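Trainee: Dropping a structure here in structure tokens format, bear with me for questions.
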Protein chains: 2
Amino acid sequence: MKLQKNNMSKTVISGIVVILLILAIGLMVSCNDNGGSSESADSADSSADTSGVSNDAMAIAEARGLTPDDITAALKTFTPSGVHDEYIMFASGGHGGQVYVIGMPSMRIIKQIAVFTPEPWQGYGYGAEGTMEVLAGGNVGDSDLTWGDTHHPALSETDGDYDGEFLFINDKANGRVAVIDLKDFETKQLVKNPIALGDHGGTFVVPDTEWVIEGGQYGAPLGWEYASIDDYNEDYRGMVTFWKFDREAGRIDTDTSFAIELPPYWQDLCDAGKLASEGWIFCNSFNTERATGGVEDGNPPFEAGASQNDMDFLHVIDKEKAIEVAAAGKTMDVQGFPVIPLQTAIDEGLLYFIPEPKSPHGVDVTPDGKFLTISGKLDPHVSIYSFQKIQDAIAAGSFEYDDYGVPIIAFDDAVEAQVEVGLGPLHTQYDDKGYAYTSLFLEPAVSRWTLGGDFSDLHEEEDWTLVTKTPVQYNVGHIAVAEGDTVSPDGKYLVSMNKWAIDRFNNVGPLLPQNFQLLDISEAGTNMPVIYDLPIPDGEPHYAQIIKADKLDPWEVYPEIGWNPHTNSVDPNVVQLGEERVERNGNEVEIWMTAVRSHFTPEHVNIKQGDHVTWHITNVERAYDATHGFSIPYYNINLSIEPGEATTFEFDATEDGVFSYYCTEFCSALHLEMTGYMMIEPSE
Amino acid sequence: MKLQKNNMSKTVISGIVVILLILAIGLMVSCNDNGGSSESADSADSSADTSGVSNDAMAIAEARGLTPDDITAALKTFTPSGVHDEYIMFASGGHGGQVYVIGMPSMRIIKQIAVFTPEPWQGYGYGAEGTMEVLAGGNVGDSDLTWGDTHHPALSETDGDYDGEFLFINDKANGRVAVIDLKDFETKQLVKNPIALGDHGGTFVVPDTEWVIEGGQYGAPLGWEYASIDDYNEDYRGMVTFWKFDREAGRIDTDTSFAIELPPYWQDLCDAGKLASEGWIFCNSFNTERATGGVEDGNPPFEAGASQNDMDFLHVIDKEKAIEVAAAGKTMDVQGFPVIPLQTAIDEGLLYFIPEPKSPHGVDVTPDGKFLTISGKLDPHVSIYSFQKIQDAIAAGSFEYDDYGVPIIAFDDAVEAQVEVGLGPLHTQYDDKGYAYTSLFLEPAVSRWTLGGDFSDLHEEEDWTLVTKTPVQYNVGHIAVAEGDTVSPDGKYLVSMNKWAIDRFNNVGPLLPQNFQLLDISEAGTNMPVIYDLPIPDGEPHYAQIIKADKLDPWEVYPEIGWNPHTNSVDPNVVQLGEERVERNGNEVEIWMTAVRSHFTPEHVNIKQGDHVTWHITNVERAYDATHGFSIPYYNINLSIEPGEATTFEFDATEDGVFSYYCTEFCSALHLEMTGYMMIEPSE
């Protein structure tokens, strides 16, 4: 009732505001009419024309039905031509398999980064040797995979702050992790988890990025062996994997990485401790019921069977101890990969559980590292655990044990507070004002609530209380705050990653985009409006991280002509202008080619059917944006050769004929003439 | 000098406007402060809060450095949450191989449609039988192609107006044409041109969409046979292809399609006549020099060799006559496809040339069909030809002839006017006010100039004169006006499809997005400002068409449970709730499964290594947006099963183990529980 009354009075106020706005506009109109009258109407340079602006603008706002709130939102987000965005969001592209790069607050998608799915614009997986090797690194056994289900992007950190150097992301479907170098925004490495087919709780980095954490998901025999579902408790297991990141090399070092065997609960999201809790890893889990499904046989389906317990288990892992144990070789071998056995993890005291309500999806460490927020999808509260209390409980040593012998810390021994936030709490982020934000899938809404502890002084409201909620459209999963996973979040903007769009955008058929809604969270208190709706034309974009744009320092062009982005050095097969040539050795043909606006050299390539062809191309341009594409029909080849880049591809000339290769980037007025003939003479 | 003076006075005026704006804002601020003070600060429903709006908004505009022009642009483009766009732009995704669906004026990408490149979010090419068959239709010989270079989208037309039913687009790289059904925004058919490996001048439709035109590009032996480049004049040829479209079936009928052999000039863009010129097809060409390149041998590179002549040849084709000739069987057979020989085309009087200056890229028929605008990239004019004059010249029969005997109509006999528009004119569009717009690649700018003839009364300026130019950033290729290729363009908005972005957006590494700039062309005269910059995170998006959104009428969900989008009927393997089952016949396993929030039935599937598996899934949901994904690790399978859809996939169970299948669309709070186990028992 109170809400309704407020709404009514707001409508009245809103009407008054509109009328006053129109009055104010009237003043502007007359001013502008005066201004405009001295303006020549003849200028060809109309883009600098500012006459009549407000007059037009407000008439337009009225004609377009924009409310005062809409006008505010427009002015908060509109980013004029040539003006750069303040933040960059790296969002998973879900089962599209890629990463989205989005400017904020303009909410424009500036780039897609091809990660698990071949993508021809970027020349990723269409012949270019370096990219073919990256993709092959992600194959599962002898299966060439050409897609992924990207979930959790993680920016590299230094001292717990995003440093803008690398981005990691996992593939839930096939249990893989990718490394993206933010010098050129290209994927440099895929690694396949050797012990689990799938994952979910990754990627997460520790505060200096020495380790990239990948948590598991569906219980399965380690090493994806076969075992009957009837032997679930004995033969199925969970896992968490610690990938060692070599920052100098810019690659994961698989040789010094390891995993920990876990009970066959379904591990979900993880987070790394920071500051107070640095050195610890937290992963939650669901289906501690160990339901094995089978709705077709009259069993409860997973959705019911895995939702019976009031509590699941937060996994608390002593990272330093785990590293020591792995380094000491106290591991078993699964597909050649070292795995700390569950019993060893227990014996060494590196694994503890804490009950957590109920079907949790998020465990999120506060910026100071002192608290963890647990969101249970089927519990209307968030539960806040104290890291100090957890340490005290471990020291006290008063445990219960789960069926596998893992010590359980009592819920009451760990919990600091609970806040009733609403239906379907899922994931929590923090800001710079002592607030936490939790997504509420079922309402759907984004809630703001207050932190206690050292955050208490930052806000005016009582600690650990709900402050406000903003409805979102619809079904919010994760949320992301600017610099939200660091030790010093910026606040300011929050993106609500909504899974359903329904009526939000024009109907584009039965398959709809997702909806990223931008919330302005810069003001303390109850006002945190939605200011932009961005459709995401791709898979379920699970999570995102948002970095201050000025922390990124990508190359505009590659450092030297002949740069190989996969070795980060000049390629031995660099081709300088004047050094182009074709060499034949038996049926091995090798081509050294240059690309420059607007021709390839050579323009004729003669090949015999049956030849094996190795083709090197260097883009000798030094101008920013002077990328050349290179395609060959039939042979399914397309390259993106950026300024300075050297690349190589190979193929067998199985089919004879005349094939026009051409530049697929519109590089100049004579771009269509940037072509050549590959002539493959028949073998008979 | 005059320009500079204008700019200076504008700056002063702009300053005055800003001051007056601030004064006006002052009034609004005080009004709003009054309004705001009666507002409860406690409401949890903050999204409806309208207090203090103008106060905030204008302070924000100032803080963000927005000029009055920026504010106008913001209010012209910002589209509030839940408000739908007025227009939908279908833009090629260039060598990404897809189509972009963009709302206007918000300039948000609402969807990508997978066309030539497999795309897992849409389940396109990742197992689903219908999509695998569509992609296979585009294979070249025995080569499985997994990308394309999409160029020219064409919306289906009825009486020369977009009807919102279908979209066509070509693949330049491999000479293919795609059919997209706008009931579900999915690709239904790919056809491979049987006589040419590549194309460019397509797709273009005739006013009632009976035919889809695909023009050629690089000269080559027909049927992609081998021939030495030394025999270019004799053995290499150009082409134009007429694909028959069966609207009832929603497919191209390859059996009644045909092509015309053309001289080995490089045919480029085409356009179909309309109204006055209905029944005729126009294609331009370049490299009438028949340069064969070979820069490595001291020959001029193509960019020079193909740019020597002052004139190339516009191809004027009598479509009705061509259809008759093809129907009469006066064709030769190239790879099983009927082709009207060049000599026959000449003898039957269905092909004429007109000289056109110089390296043209666009031939664009005016809305009334009476004129054609020719843009030569290396000539600063656009040349306007009169269709009536062309007809008169054909009737008069006074021709010269090219080397292949094609009759040439004299330039002076065809030309109506020339307008000097600037450097690098490329492509022309028309509006509702008697203006034409031509992109200028080299300046770069968009020019507005006046039409004559019946358009003369619509504008105040002199006929056939340049009115204004708006600079764009940078290197504009094509432009698209709302409903611009129809008999009744809407004007209002123009999109400048810029090839280079350079500094327009945050640096994202050496490979940059394209830049679509939205111009407001609603006002007559010299004012047509850029009001939005949209980065396009994909390949060179060559061309776009823009349709009034209310002409589209896509399905929200499929019409019936069990709908097969590739047969447009209920699938024989539809699975209704309760009908789920697994059947085994020897080593053939067949599964009938349902998907509904939030479980699959069955949840266990037992298979033996070596089995062949056929798997049917029906999404039995009827709720809008209740799409379920379905993925299987290792086997590279991912489906998108939209509400009502039935789909089938097959695979050989080569690898044993335990594989979790799960829903890849976040469909409910218990989405993570929407999973099941496929257990493949080893064969030993």
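Here's how to read the names in the structure tokens: chain A, B, ... by the order shown, residue numbers from 1 in each chain, ligand numbers from 1 in the order shown.
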For region 56-61 of chain A, please output as a ChimeraX atom specification all residues within 6 Å (counting only C-alpha atoms; exclusion window: fewer than 4 positions along the same chain).
Mentor: /A:66 /B:72,75
Trainee: In region 181-411 of chain B, what's strand (DSSP E) per DSSP? Answer as a ChimeraX atom specification?
Mentor: /B:181,186-192,202-205,211-215,238-246,251-262,266-272,280-286,312-318,332-334,337-340,351-356,360-365,371-376,381-386,400-401,407-408
Trainee: Which residue, A:Thr203, A:Gln189, A:Asn170, A:Thr146, has the smallest gap to Glu119 (chain A) when you use only C-alpha atoms?
Mentor: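 Of all the options, A:Thr146 lies closest to Glu119 (chain A).
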Trainee: Restricting the calculation to only C-alpha atoms, which member of B:Ile591, B:Val134, B:Ile531, B:Val365 is positioned closest to chain A?
Mentor: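 Between B:Ile591, B:Val134, B:Ile531, B:Val365, the residue approaching chain A most closely is B:Ile531.
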Trainee: Do you have, as CSV, the list of residues of region 403-496 of chain B lying at most 12 Å from region 273-285 of chain B, each with its nearest atom pair and that distance in Å to one decimal, counting only C-alpha atoms and ordered by chain then number?
Mentor:
residue,atom,partner,partner_atom,distance
B:Leu426,CA,B:Asn284,CA,12.0
B:His427,CA,B:Asn284,CA,11.9
B:Asp485,CA,B:Lys274,CA,10.0
B:Thr486,CA,B:Lys274,CA,8.6
B:Val487,CA,B:Lys274,CA,7.2
B:Ser488,CA,B:Lys274,CA,11.0
Trainee: Fewer than 4 positions away in the same chain doesn't count, so skip those; otherwise give me all residues within 7 Å of region 457-469 of chain B, counting only C-alpha atoms, as a list of chain:residue names.
Mentor: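 After dropping sequence-adjacent residues, the list is A:Ala44, A:Asp45, B:Ala417, B:Val419, B:Val421, B:Lys433, B:Gly434, B:Ala445, B:Val446, B:Ser447, B:Arg448, B:Trp449, B:Thr450, B:Leu451, B:Gly452, B:Gly525, B:Thr526.
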Trainee: How would the residues just chosen look if you wrote them out with C-alpha atoms as a PDB file, in the first residue's frame?
Mentor:
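What landed in result_36.pdb:
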ATOM      1  CA  ALA A  44      28.493  22.053 -46.305  1.00  0.00           C
ATOM      2  CA  ASP A  45      30.072  21.267 -42.939  1.00  0.00           C
TER       3      ASP A  45
ATOM      4  CA  ALA B 417      23.333  14.225 -65.453  1.00  0.00           C
ATOM      5  CA  VAL B 419      27.086  15.574 -60.119  1.00  0.00           C
ATOM      6  CA  VAL B 421      30.168  14.802 -55.176  1.00  0.00           C
ATOM      7  CA  LYS B 433      12.585  13.991 -50.066  1.00  0.00           C
ATOM      8  CA  GLY B 434      14.099  13.842 -53.528  1.00  0.00           C
ATOM      9  CA  ALA B 445      32.051  11.631 -46.052  1.00  0.00           C
ATOM     10  CA  VAL B 446      28.447  11.032 -46.936  1.00  0.00           C
ATOM     11  CA  SER B 447      27.172  13.430 -49.601  1.00  0.00           C
ATOM     12  CA  ARG B 448      23.608  14.526 -50.177  1.00  0.00           C
ATOM     13  CA  TRP B 449      22.599  15.680 -53.635  1.00  0.00           C
ATOM     14  CA  THR B 450      19.353  16.374 -55.431  1.00  0.00           C
ATOM     15  CA  LEU B 451      17.530  14.250 -57.942  1.00  0.00           C
ATOM     16  CA  GLY B 452      15.793  15.660 -60.971  1.00  0.00           C
ATOM     17  CA  GLY B 525      18.941  20.948 -46.510  1.00  0.00           C
ATOM     18  CA  THR B 526      22.413  21.004 -45.053  1.00  0.00           C
TER      19      THR B 526
END
Trainee: From a DSSP calculation on the backbone, collect every residue of region 373-452 of chain B in helix (DSSP H, G or I) and output the set as a PyMOL selection string.
Mentor: chain B and resi 387-396+411-414
Trainee: Could the residues in this selection be written to a file with N, CA and C atoms, as a JSON list (two decimals), in the first residue's frame?
Mentor:
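Produced file part-v4.json, reproduced below:
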[["chain", "number", "residue", "atom", "x", "y", "z"],
["B", 387, "PHE", "N", 16.85, 5.62, -67.71],
["B", 387, "PHE", "CA", 16.40, 4.34, -68.25],
["B", 387, "PHE", "C", 15.71, 4.53, -69.60],
["B", 388, "GLN", "N", 14.95, 5.62, -69.72],
["B", 388, "GLN", "CA", 14.27, 5.88, -70.99],
["B", 388, "GLN", "C", 15.28, 6.08, -72.11],
["B", 389, "LYS", "N", 16.34, 6.84, -71.81],
["B", 389, "LYS", "CA", 17.38, 7.07, -72.82],
["B", 389, "LYS", "C", 18.04, 5.76, -73.22],
["B", 390, "ILE", "N", 18.25, 4.89, -72.23],
["B", 390, "ILE", "CA", 18.85, 3.59, -72.54],
["B", 390, "ILE", "C", 17.94, 2.81, -73.48],
["B", 391, "GLN", "N", 16.64, 2.83, -73.17],
["B", 391, "GLN", "CA", 15.69, 2.12, -74.03],
["B", 391, "GLN", "C", 15.67, 2.73, -75.44],
["B", 392, "ASP", "N", 15.72, 4.05, -75.50],
["B", 392, "ASP", "CA", 15.73, 4.71, -76.81],
["B", 392, "ASP", "C", 16.96, 4.32, -77.61],
["B", 393, "ALA", "N", 18.10, 4.27, -76.90],
["B", 393, "ALA", "CA", 19.35, 3.93, -77.58],
["B", 393, "ALA", "C", 19.31, 2.49, -78.09],
["B", 394, "ILE", "N", 18.72, 1.60, -77.29],
["B", 394, "ILE", "CA", 18.60, 0.21, -77.75],
["B", 394, "ILE", "C", 17.70, 0.15, -78.97],
["B", 395, "ALA", "N", 16.60, 0.88, -78.93],
["B", 395, "ALA", "CA", 15.67, 0.90, -80.07],
["B", 395, "ALA", "C", 16.36, 1.48, -81.30],
["B", 396, "ALA", "N", 17.16, 2.52, -81.10],
["B", 396, "ALA", "CA", 17.85, 3.16, -82.23],
["B", 396, "ALA", "C", 18.89, 2.22, -82.84],
["B", 411, "PHE", "N", 27.97, 6.52, -73.97],
["B", 411, "PHE", "CA", 27.78, 7.19, -72.67],
["B", 411, "PHE", "C", 26.82, 8.37, -72.80],
["B", 412, "ASP", "N", 27.06, 9.20, -73.83],
["B", 412, "ASP", "CA", 26.24, 10.41, -73.98],
["B", 412, "ASP", "C", 24.79, 10.10, -74.31],
["B", 413, "ASP", "N", 24.57, 8.93, -74.88],
["B", 413, "ASP", "CA", 23.19, 8.55, -75.19],
["B", 413, "ASP", "C", 22.42, 8.13, -73.94],
["B", 414, "ALA", "N", 23.14, 7.75, -72.89],
["B", 414, "ALA", "CA", 22.47, 7.23, -71.70],
["B", 414, "ALA", "C", 22.44, 8.22, -70.54]]
Trainee: So the first atom is CA of Gln343 (chain A) and the second is CA of Leu222 (chain A); what is the distance between them in Å, to one decimal place?
Mentor: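 Value for the CA of Gln343 (chain A)-CA of Leu222 (chain A) distance: 15.1 Å.
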Trainee: As an exercise, work out the distance from CA of Lys358 (chain A) to CA of Trp266 (chain A) in Å and give it to one decimal place.
Mentor: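 Between these atoms lies a distance of 13.0 Å.
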Trainee: Which neighbours of Tyr126 (chain B) fall inside 7 Å, counting only C-alpha atoms, when residues of the same chain fewer than 5 positions from it are skipped, and could you give them as a PyMOL selection string?
Mentor: chain B and resi 120+636-639
Trainee: Quick one: distance from CA of Ile547 (chain B) to CA of Asp318 (chain B) in Å, one decimal?
Mentor: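 Computing the Euclidean distance for CA of Ile547 (chain B) and CA of Asp318 (chain B) yields 28.3 Å.
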Trainee: Need to verify the contact set: Asp268 (chain A), 12 Å, only C-alpha atoms, exclusion of same-chain residues closer than 3 positions in sequence. Can you return it as a PyMOL selection string?
Mentor: (chain A and resi 151-152+172+198-204+213-219+238-240+264-265+271+282-288+312-315+359-363+374-376+426-427) or (chain B and resi 672-673)
Trainee: Excluding same-chain residues fewer than 4 positions from region 570-585 of chain A, what lies within 10 Å of it counting only C-alpha atoms, as a VMD selection string?
Mentor: (chain A and resid 558 to 566 589 to 596 600 to 602 604 to 607 611 to 620 644 to 648) or (chain B and resid 296)
